[in-house]
file upload.cif (mmCIF, C-alpha atoms)
data_upload
loop_
_atom_site.label_atom_id
_atom_site.label_comp_id
_atom_site.auth_asym_id
_atom_site.auth_seq_id
_atom_site.Cartn_x
_atom_site.Cartn_y
_atom_site.Cartn_z
CA MET A 269 -19.74 -64.97 -22.37
CA GLY A 270 -18.59 -65.55 -18.78
CA GLU A 271 -15.15 -64.16 -19.52
CA THR A 272 -16.66 -61.02 -21.09
CA THR A 273 -18.82 -60.43 -18.01
CA VAL A 274 -15.83 -60.74 -15.66
CA LYS A 275 -13.80 -58.25 -17.70
CA SER A 276 -16.74 -55.83 -17.75
CA LEU A 277 -17.05 -56.00 -13.98
CA GLU A 278 -13.30 -55.43 -13.54
CA SER A 279 -13.37 -52.37 -15.78
CA ARG A 280 -16.22 -50.86 -13.75
CA THR A 281 -14.58 -51.40 -10.36
CA ALA A 282 -11.01 -50.49 -11.29
CA ALA A 283 -9.90 -47.01 -10.10
CA PRO A 284 -8.78 -44.47 -12.72
CA SER A 285 -5.06 -44.13 -13.14
CA PRO A 286 -4.27 -40.43 -13.58
CA MET A 287 -0.73 -39.09 -13.49
CA VAL A 288 -1.22 -38.01 -9.83
CA SER A 289 -3.83 -39.59 -7.60
CA ARG A 290 -6.29 -37.56 -5.53
CA ALA A 291 -4.74 -38.92 -2.36
CA GLU A 292 -1.39 -37.57 -3.47
CA LEU A 293 -2.92 -34.18 -4.30
CA ALA A 294 -4.71 -33.85 -0.95
CA PRO A 295 -1.68 -32.86 1.15
CA GLU A 296 -0.60 -30.33 -1.48
CA ARG A 297 -4.03 -28.72 -1.62
CA GLY A 298 -4.29 -28.76 2.15
CA GLY A 299 -0.93 -26.99 2.37
CA LEU A 300 -2.06 -24.32 -0.10
CA LEU A 301 -5.29 -23.85 1.81
CA LYS A 302 -3.33 -23.38 5.01
CA LEU A 303 -0.96 -20.90 3.34
CA ARG A 304 -3.83 -18.79 1.99
CA ALA A 305 -5.88 -18.83 5.19
CA PRO A 306 -5.86 -15.49 7.08
CA ARG A 307 -4.07 -15.95 10.37
CA ARG A 308 -2.41 -13.87 13.06
CA PRO A 309 1.37 -14.18 12.72
CA ARG A 310 3.73 -14.10 15.66
CA ILE A 311 4.30 -10.53 16.78
CA TRP A 312 8.11 -10.64 16.64
CA VAL A 313 7.99 -12.11 13.13
CA GLU A 314 5.59 -9.38 12.05
CA ILE A 315 7.72 -6.58 13.49
CA LEU A 316 10.77 -8.00 11.74
CA LEU A 317 8.86 -8.39 8.47
CA ILE A 318 7.61 -4.81 8.49
CA ALA A 319 11.02 -3.42 9.42
CA VAL A 320 12.83 -5.41 6.72
CA SER A 321 10.16 -4.57 4.14
CA TYR A 322 10.35 -0.83 4.79
CA PHE A 323 14.15 -0.92 4.79
CA THR A 324 14.11 -2.75 1.46
CA TYR A 325 11.54 -0.32 0.04
CA SER A 326 13.64 2.69 1.09
CA LEU A 327 16.82 1.09 -0.24
CA ILE A 328 15.30 0.37 -3.65
CA ARG A 329 13.48 3.70 -3.88
CA ASN A 330 16.58 5.67 -3.02
CA GLY A 331 18.68 3.42 -5.22
CA VAL A 332 16.73 4.40 -8.32
CA PRO A 333 18.99 6.76 -10.30
CA GLU A 334 18.12 10.42 -9.80
CA GLN A 335 17.35 11.32 -13.39
CA LYS A 336 17.13 15.03 -12.74
CA ALA A 337 16.78 16.25 -16.32
CA GLN A 338 14.08 13.74 -17.21
CA ALA A 339 12.31 14.27 -13.88
CA LEU A 340 12.13 18.02 -14.49
CA ARG A 341 10.86 17.48 -18.04
CA ASN A 342 8.16 15.17 -16.73
CA ALA A 343 7.18 17.76 -14.11
CA ASP A 344 6.90 20.45 -16.79
CA TRP A 345 4.75 18.11 -18.89
CA ILE A 346 2.37 17.33 -16.02
CA TRP A 347 2.11 21.03 -15.18
CA GLU A 348 1.21 21.86 -18.78
CA VAL A 349 -1.37 19.06 -18.89
CA GLU A 350 -2.98 20.33 -15.70
CA LYS A 351 -3.08 23.84 -17.13
CA ALA A 352 -4.77 22.52 -20.27
CA LEU A 353 -7.33 20.72 -18.08
CA GLY A 354 -7.88 23.82 -15.95
CA THR A 355 -6.81 21.95 -12.80
CA ALA A 356 -3.40 23.50 -12.12
CA PHE A 357 -4.35 24.68 -8.63
CA GLU A 358 -1.23 23.48 -6.78
CA GLN A 359 0.60 26.80 -6.89
CA THR A 360 -2.42 28.74 -5.59
CA VAL A 361 -2.85 26.34 -2.68
CA ASN A 362 0.88 26.38 -1.97
CA HIS A 363 1.09 30.21 -1.79
CA THR A 364 -2.21 30.64 0.08
CA VAL A 365 -1.42 28.15 2.86
CA ASN A 366 2.18 29.33 3.10
CA SER A 367 0.93 32.80 4.04
CA VAL A 368 -0.50 31.36 7.29
CA THR A 369 2.62 30.40 9.21
CA TRP A 370 1.09 28.24 11.95
CA LEU A 371 -0.95 26.34 9.37
CA ILE A 372 1.87 25.54 6.98
CA VAL A 373 4.22 24.60 9.83
CA THR A 374 1.56 22.21 11.11
CA MET A 375 1.26 20.73 7.63
CA ASN A 376 5.03 20.29 7.40
CA TYR A 377 5.01 18.17 10.55
CA TYR A 378 1.86 16.37 9.39
CA TYR A 379 3.68 15.40 6.20
CA ALA A 380 6.73 14.21 8.12
CA THR A 381 5.05 12.16 10.85
CA LEU A 382 1.48 10.98 10.27
CA HIS A 383 2.48 9.06 7.15
CA PHE A 384 4.23 6.59 9.45
CA VAL A 385 2.36 7.02 12.75
CA VAL A 386 -1.14 6.43 11.39
CA THR A 387 -0.11 3.56 9.13
CA LEU A 388 1.76 1.68 11.85
CA GLY A 389 -0.95 2.45 14.39
CA LEU A 390 -3.60 0.99 12.10
CA LEU A 391 -1.53 -2.15 11.55
CA VAL A 392 -1.27 -2.65 15.32
CA TRP A 393 -5.02 -2.08 15.75
CA LEU A 394 -5.83 -4.61 13.02
CA TYR A 395 -3.45 -7.15 14.53
CA ARG A 396 -5.13 -6.88 17.92
CA ARG A 397 -8.80 -6.30 17.05
CA HIS A 398 -9.24 -7.85 13.58
CA PRO A 399 -6.70 -10.70 13.37
CA GLY A 400 -8.60 -12.50 10.61
CA ARG A 401 -8.37 -9.44 8.37
CA TYR A 402 -4.86 -8.40 9.33
CA ALA A 403 -2.80 -10.42 6.84
CA PRO A 404 -5.04 -9.66 3.81
CA THR A 405 -5.06 -5.94 4.63
CA ARG A 406 -1.31 -5.94 5.17
CA LEU A 407 -0.88 -7.63 1.79
CA VAL A 408 -2.78 -4.74 0.19
CA LEU A 409 -0.29 -2.30 1.73
CA PHE A 410 2.75 -4.33 0.72
CA ALA A 411 1.57 -4.84 -2.86
CA THR A 412 0.68 -1.16 -3.17
CA THR A 413 4.12 -0.11 -1.99
CA GLY A 414 5.85 -2.70 -4.16
CA ILE A 415 4.23 -1.57 -7.40
CA ALA A 416 5.07 2.04 -6.52
CA LEU A 417 8.75 1.16 -6.88
CA VAL A 418 8.08 0.38 -10.53
CA GLY A 419 6.62 3.86 -10.93
CA TYR A 420 9.68 5.50 -9.39
CA TYR A 421 11.92 3.64 -11.79
CA MET A 422 9.81 4.04 -14.94
CA TYR A 423 8.71 7.63 -14.44
CA PRO A 424 11.12 9.90 -12.54
CA LEU A 425 9.30 13.03 -11.48
CA ALA A 426 10.40 16.19 -9.71
CA PRO A 427 8.04 17.58 -7.05
CA PRO A 428 6.65 21.06 -7.73
CA ARG A 429 8.98 22.68 -5.17
CA LEU A 430 12.02 21.63 -7.26
CA MET A 431 10.70 22.97 -10.56
CA SER A 432 12.61 25.86 -12.05
CA GLY A 433 10.84 29.07 -12.97
CA GLN A 434 7.42 28.12 -11.58
CA HIS A 435 7.78 29.89 -8.20
CA PHE A 436 6.61 27.07 -5.97
CA ILE A 437 7.61 27.48 -2.32
CA ASP A 438 9.54 24.76 -0.50
CA THR A 439 7.72 25.30 2.78
CA VAL A 440 10.14 23.20 4.83
CA ARG A 441 13.12 25.33 3.85
CA VAL A 442 11.29 28.65 4.13
CA HIS A 443 9.97 27.94 7.63
CA ASP A 444 12.99 25.96 8.78
CA THR A 445 10.94 22.96 9.86
CA TRP A 446 11.53 19.23 9.62
CA GLY A 447 8.98 18.03 7.13
CA SER A 448 10.62 16.37 4.15
CA MET A 449 13.49 13.96 3.70
CA ALA A 450 14.20 15.69 0.40
CA SER A 451 14.86 19.12 1.88
CA GLY A 452 17.71 20.66 3.78
CA ASP A 453 20.47 18.48 5.23
CA LEU A 454 18.43 15.29 4.76
CA LYS A 455 18.14 15.56 0.99
CA GLN A 456 21.13 13.29 0.40
CA MET A 457 19.27 10.44 2.15
CA SER A 458 16.31 10.36 -0.21
CA ASN A 459 15.68 10.30 -3.94
CA GLN A 460 14.30 13.74 -4.66
CA TYR A 461 12.89 12.75 -8.04
CA ALA A 462 10.55 9.93 -7.00
CA ALA A 463 7.28 11.83 -6.66
CA MET A 464 5.11 9.60 -8.85
CA PRO A 465 3.16 7.86 -7.41
CA SER A 466 2.55 9.51 -4.06
CA MET A 467 2.76 6.91 -1.31
CA HIS A 468 1.63 9.54 1.18
CA MET A 469 -1.63 9.41 -0.75
CA GLY A 470 -1.56 5.66 -1.32
CA TRP A 471 -0.97 4.86 2.34
CA SER A 472 -3.49 7.41 3.61
CA LEU A 473 -6.16 6.00 1.28
CA TRP A 474 -5.32 2.52 2.54
CA CYS A 475 -5.77 3.76 6.10
CA GLY A 476 -8.99 5.60 5.33
CA LEU A 477 -10.67 2.78 3.41
CA THR A 478 -9.66 0.23 6.03
CA ILE A 479 -11.08 2.32 8.87
CA VAL A 480 -14.33 3.00 7.02
CA ALA A 481 -14.72 -0.69 6.14
CA VAL A 482 -14.03 -2.30 9.51
CA ALA A 483 -14.54 0.32 12.24
CA SER A 484 -17.90 0.37 13.97
CA ALA A 485 -17.87 3.81 15.61
CA PRO A 486 -19.30 6.59 13.37
CA TRP A 487 -16.64 9.07 14.51
CA ALA A 488 -13.92 6.63 13.43
CA LYS A 489 -15.47 6.29 9.97
CA ILE A 490 -15.57 10.09 9.69
CA LEU A 491 -11.88 10.30 10.59
CA GLY A 492 -11.22 7.59 8.03
CA LEU A 493 -12.79 9.74 5.35
CA LEU A 494 -11.05 12.92 6.47
CA TYR A 495 -7.53 11.51 6.71
CA PRO A 496 -6.84 10.97 2.96
CA ALA A 497 -8.65 14.20 2.11
CA LEU A 498 -6.43 16.18 4.50
CA THR A 499 -3.37 14.34 3.20
CA LEU A 500 -4.18 15.44 -0.34
CA VAL A 501 -4.34 19.06 0.82
CA VAL A 502 -1.04 18.69 2.69
CA ILE A 503 0.97 17.13 -0.13
CA VAL A 504 -0.22 19.89 -2.48
CA ALA A 505 0.17 22.78 -0.01
CA THR A 506 3.74 21.79 0.84
CA ALA A 507 4.57 21.49 -2.90
CA ASN A 508 5.73 17.90 -2.50
CA HIS A 509 3.31 16.51 -5.09
CA PHE A 510 1.00 17.32 -7.96
CA TRP A 511 -2.57 16.14 -7.57
CA MET A 512 -1.84 13.71 -10.41
CA ASP A 513 0.70 11.99 -8.14
CA ALA A 514 -2.22 11.27 -5.83
CA VAL A 515 -4.01 9.60 -8.74
CA GLY A 516 -0.92 7.44 -9.21
CA GLY A 517 -1.14 6.44 -5.54
CA LEU A 518 -4.80 5.52 -6.01
CA ILE A 519 -3.98 3.30 -8.98
CA CYS A 520 -1.26 1.53 -6.98
CA LEU A 521 -3.75 0.97 -4.16
CA GLY A 522 -6.18 -0.57 -6.62
CA PHE A 523 -3.45 -2.97 -7.68
CA GLY A 524 -2.81 -3.84 -4.03
CA TYR A 525 -6.46 -4.69 -3.43
CA ALA A 526 -6.51 -6.79 -6.61
CA VAL A 527 -3.53 -8.84 -5.42
CA SER A 528 -5.12 -9.44 -2.02
CA TYR A 529 -8.46 -10.37 -3.61
CA VAL A 530 -6.84 -12.88 -5.96
CA TRP A 531 -4.91 -14.52 -3.13
CA TYR A 532 -7.61 -14.64 -0.46
CA GLY A 533 -10.68 -14.81 -2.69
CA ALA A 534 -12.35 -11.79 -1.05
CA LEU A 535 -11.69 -8.22 -0.06
CA PRO A 536 -10.13 -7.95 3.42
CA HIS A 537 -13.20 -6.52 5.14
CA ARG A 538 -15.33 -9.39 3.78
CA LEU A 539 -13.24 -11.98 5.60
CA PRO A 540 -14.02 -13.11 9.18
CA ARG A 541 -12.92 -10.73 11.89
CA ASP A 542 -11.32 -13.48 13.95
CA VAL A 543 -8.91 -16.19 12.90
CA VAL A 544 -10.82 -19.38 12.13
CA PRO A 545 -9.47 -22.92 11.73
CA VAL A 546 -8.91 -24.16 8.20
CA VAL A 547 -10.49 -27.51 7.40
CA GLY A 548 -8.10 -29.34 5.14
CA MET A 549 -8.99 -31.92 2.52
CA ARG A 550 -9.45 -35.54 3.58
CA SER A 551 -6.17 -37.37 3.43
CA ALA A 552 -5.94 -40.90 2.08
CA GLY A 553 -7.44 -43.36 4.52
CA GLY A 554 -7.84 -40.78 7.30
CA PRO A 555 -10.30 -38.25 8.73
CA PRO A 556 -10.45 -34.58 7.66
CA ARG A 557 -7.57 -32.51 8.98
CA THR A 558 -7.94 -29.17 10.76
CA GLU A 559 -5.12 -26.65 10.32
CA PHE A 560 -4.66 -23.61 12.56
#
call {"tool": "encode", "arguments": {"input": "upload.cif", "output": "structure tokens"}}
result
Amino acid sequence: MGETTVKSLESRTAAPSPMVSRAELAPERGGLLKLRAPRRPRIWVEILLIAVSYFTYSLIRNGVPEQKAQALRNADWIWEVEKALGTAFEQTVNHTVNSVTWLIVTMNYYYATLHFVVTLGLLVWLYRRHPGRYAPTRLVLFATTGIALVGYYMYPLAPPRLMSGQHFIDTVRVHDTWGSMASGDLKQMSNQYAAMPSMHMGWSLWCGLTIVAVASAPWAKILGLLYPALTLVVIVATANHFWMDAVGGLICLGFGYAVSYVWYGALPHRLPRDVVPVVGMRSAGGPPRTEF
């Protein structure tokens, strides 16, 4: 009887013996928590990361084989689908805006510059004013751009201005302006048949949604709404994209937000504005750790 009681007490007080103890798991979980915590990276690291990422994106995008025949067939198919839907308005917009020289020239330069200027400017603003939301929002942009590369490879597509027999106007060539890497002397530097999805649209939507979500000034929110809308008009008017390419950009952006949500557990604008310390799990025999 006494021996049975002693064994019963030992079984109650003995610690469980799993494959890995909780104390051994604590550092690993604390490291993951630290890795997933929004934080402001060092500025020189961030500049290098963005530069290398864009270089890699351009290298891969332009390294995708220019499947001209298939790209033109895909463009014809999209054009026919839009006609069947009654939404083939690209040619009308292209010809109408092209008739106003100052307007189309402005759009050519808009297409060539704001795509980079606004995106980089917003990244800098987030880094300085919303450091806690910077990394999650940047992840959205990176994931959006990364999945777009799959689209370029899987679905080569000619822009409307390169279609044969449809009478679209290449506004950059007609007005002798610098507005597209795929026109004039610069065409050898860029894959001309990577129009789907439109990253002009994807990036502008990223900018617009970010501004609307985190800016406090009403005028800034209005500009955030206008920017992607104007970009849609520009990419159509300059015959660089079908409106369906813009839908492709929207889908890629949705994927980018999904990746960021899964990693950080919330949409970027729902996270704290400022960087906050991460309280790690209690290590074996010690107090809770705080990671920065």
call {"tool": "closest_residue", "arguments": {"input": "upload.cif", "among": "A:Leu394, A:Val482, A:Val349, A:Met431", "to": "Leu535 (chain A)", "atoms": "all atoms listed in the file"}}
result
A:Val482
call {"tool": "residues_around", "arguments": {"input": "upload.cif", "residues": "Asn362 (chain A)", "least_positions_apart": "2", "cutoff": "10 Å", "atoms": "only C-alpha atoms", "output": "list in words"}}
result
Phe357, Glu358, Gln359, Thr360, Thr364, Val365, Asn366, Ser367, Ile372, Pro428, Arg429, His435, Phe436, Ile437, Asp438, Thr439, Val501, Val502, Ile503, Val504, Ala505, Thr506, Ala507 and Asn508 of chain A
call {"tool": "closest_atom_pairs", "arguments": {"input": "upload.cif", "of": "region 319-399 of chain A", "to": "region 485-497 of chain A", "cutoff": "12 Å", "atoms": "only C-alpha atoms", "output": "JSON lines"}}
result
{"residue": "A:Tyr378", "atom": "CA", "partner": "A:Tyr495", "partner_atom": "CA", "distance": 10.9}
{"residue": "A:Tyr379", "atom": "CA", "partner": "A:Pro496", "partner_atom": "CA", "distance": 11.9}
{"residue": "A:Leu382", "atom": "CA", "partner": "A:Tyr495", "partner_atom": "CA", "distance": 9.7}
{"residue": "A:His383", "atom": "CA", "partner": "A:Tyr495", "partner_atom": "CA", "distance": 10.3}
{"residue": "A:Val386", "atom": "CA", "partner": "A:Tyr495", "partner_atom": "CA", "distance": 9.4}
{"residue": "A:Thr387", "atom": "CA", "partner": "A:Tyr495", "partner_atom": "CA", "distance": 11.1}
{"residue": "A:Leu390", "atom": "CA", "partner": "A:Gly492", "partner_atom": "CA", "distance": 10.9}
call {"tool": "residues_around", "arguments": {"input": "upload.cif", "residues": "Pro424 (chain A)", "least_positions_apart": "5", "cutoff": "6 Å", "atoms": "all atoms listed in the file", "output": "PDB file with C-alpha atoms, keeping the file's coordinate frame"}}
result
ATOM      1  CA  ALA A 339      12.310  14.270 -13.880  1.00  0.00           C
ATOM      2  CA  TYR A 461      12.890  12.750  -8.040  1.00  0.00           C
ATOM      3  CA  ALA A 462      10.550   9.930  -7.000  1.00  0.00           C
TER       4      ALA A 462
END
call {"tool": "resolve_selection", "arguments": {"input": "upload.cif", "expression": "the PyMOL selection byres ((chain A and resi 467) around 12)", "output": "MDAnalysis selection string"}}
result
chainID A and resid 325:326 329 379 383:384 387 409:417 419:420 462:466 468:475 496 499:500 503 508:509 513:521
call {"tool": "decode", "arguments": {"input": "upload.cif", "residues": "region 344-355 of chain A", "atoms": "N, CA, C and O atoms", "output": "PDB file, in the first residue's frame"}}
result
ATOM      1  N   ASP A 344      -4.808  39.565 -79.413  1.00  0.00           N
ATOM      2  CA  ASP A 344      -6.006  39.471 -80.265  1.00  0.00           C
ATOM      3  C   ASP A 344      -7.161  38.844 -79.497  1.00  0.00           C
ATOM      4  O   ASP A 344      -8.317  39.274 -79.624  1.00  0.00           O
ATOM      5  N   TRP A 345      -6.857  37.821 -78.678  1.00  0.00           N
ATOM      6  CA  TRP A 345      -7.907  37.146 -77.917  1.00  0.00           C
ATOM      7  C   TRP A 345      -8.524  38.100 -76.895  1.00  0.00           C
ATOM      8  O   TRP A 345      -9.759  38.164 -76.755  1.00  0.00           O
ATOM      9  N   ILE A 346      -7.683  38.835 -76.170  1.00  0.00           N
ATOM     10  CA  ILE A 346      -8.209  39.784 -75.181  1.00  0.00           C
ATOM     11  C   ILE A 346      -9.044  40.858 -75.864  1.00  0.00           C
ATOM     12  O   ILE A 346     -10.116  41.247 -75.367  1.00  0.00           O
ATOM     13  N   TRP A 347      -8.604  41.342 -77.005  1.00  0.00           N
ATOM     14  CA  TRP A 347      -9.338  42.367 -77.737  1.00  0.00           C
ATOM     15  C   TRP A 347     -10.710  41.857 -78.158  1.00  0.00           C
ATOM     16  O   TRP A 347     -11.713  42.578 -78.072  1.00  0.00           O
ATOM     17  N   GLU A 348     -10.769  40.614 -78.605  1.00  0.00           N
ATOM     18  CA  GLU A 348     -12.049  40.028 -79.018  1.00  0.00           C
ATOM     19  C   GLU A 348     -12.965  39.822 -77.816  1.00  0.00           C
ATOM     20  O   GLU A 348     -14.183  40.031 -77.907  1.00  0.00           O
ATOM     21  N   VAL A 349     -12.397  39.415 -76.685  1.00  0.00           N
ATOM     22  CA  VAL A 349     -13.198  39.241 -75.473  1.00  0.00           C
ATOM     23  C   VAL A 349     -13.782  40.577 -75.029  1.00  0.00           C
ATOM     24  O   VAL A 349     -14.964  40.672 -74.661  1.00  0.00           O
ATOM     25  N   GLU A 350     -12.968  41.622 -75.056  1.00  0.00           N
ATOM     26  CA  GLU A 350     -13.453  42.941 -74.670  1.00  0.00           C
ATOM     27  C   GLU A 350     -14.548  43.429 -75.616  1.00  0.00           C
ATOM     28  O   GLU A 350     -15.522  44.057 -75.181  1.00  0.00           O
ATOM     29  N   LYS A 351     -14.400  43.136 -76.894  1.00  0.00           N
ATOM     30  CA  LYS A 351     -15.454  43.502 -77.851  1.00  0.00           C
ATOM     31  C   LYS A 351     -16.752  42.772 -77.521  1.00  0.00           C
ATOM     32  O   LYS A 351     -17.844  43.366 -77.557  1.00  0.00           O
ATOM     33  N   ALA A 352     -16.632  41.493 -77.195  1.00  0.00           N
ATOM     34  CA  ALA A 352     -17.822  40.702 -76.865  1.00  0.00           C
ATOM     35  C   ALA A 352     -18.489  41.233 -75.601  1.00  0.00           C
ATOM     36  O   ALA A 352     -19.721  41.186 -75.476  1.00  0.00           O
ATOM     37  N   LEU A 353     -17.686  41.753 -74.667  1.00  0.00           N
ATOM     38  CA  LEU A 353     -18.226  42.314 -73.429  1.00  0.00           C
ATOM     39  C   LEU A 353     -18.716  43.748 -73.592  1.00  0.00           C
ATOM     40  O   LEU A 353     -19.349  44.293 -72.685  1.00  0.00           O
ATOM     41  N   GLY A 354     -18.409  44.343 -74.737  1.00  0.00           N
ATOM     42  CA  GLY A 354     -18.777  45.742 -74.960  1.00  0.00           C
ATOM     43  C   GLY A 354     -17.898  46.714 -74.196  1.00  0.00           C
ATOM     44  O   GLY A 354     -18.320  47.845 -73.910  1.00  0.00           O
ATOM     45  N   THR A 355     -16.674  46.306 -73.867  1.00  0.00           N
ATOM     46  CA  THR A 355     -15.775  47.158 -73.074  1.00  0.00           C
ATOM     47  C   THR A 355     -14.474  47.462 -73.806  1.00  0.00           C
ATOM     48  O   THR A 355     -13.476  47.828 -73.180  1.00  0.00           O
TER      49      THR A 355
END
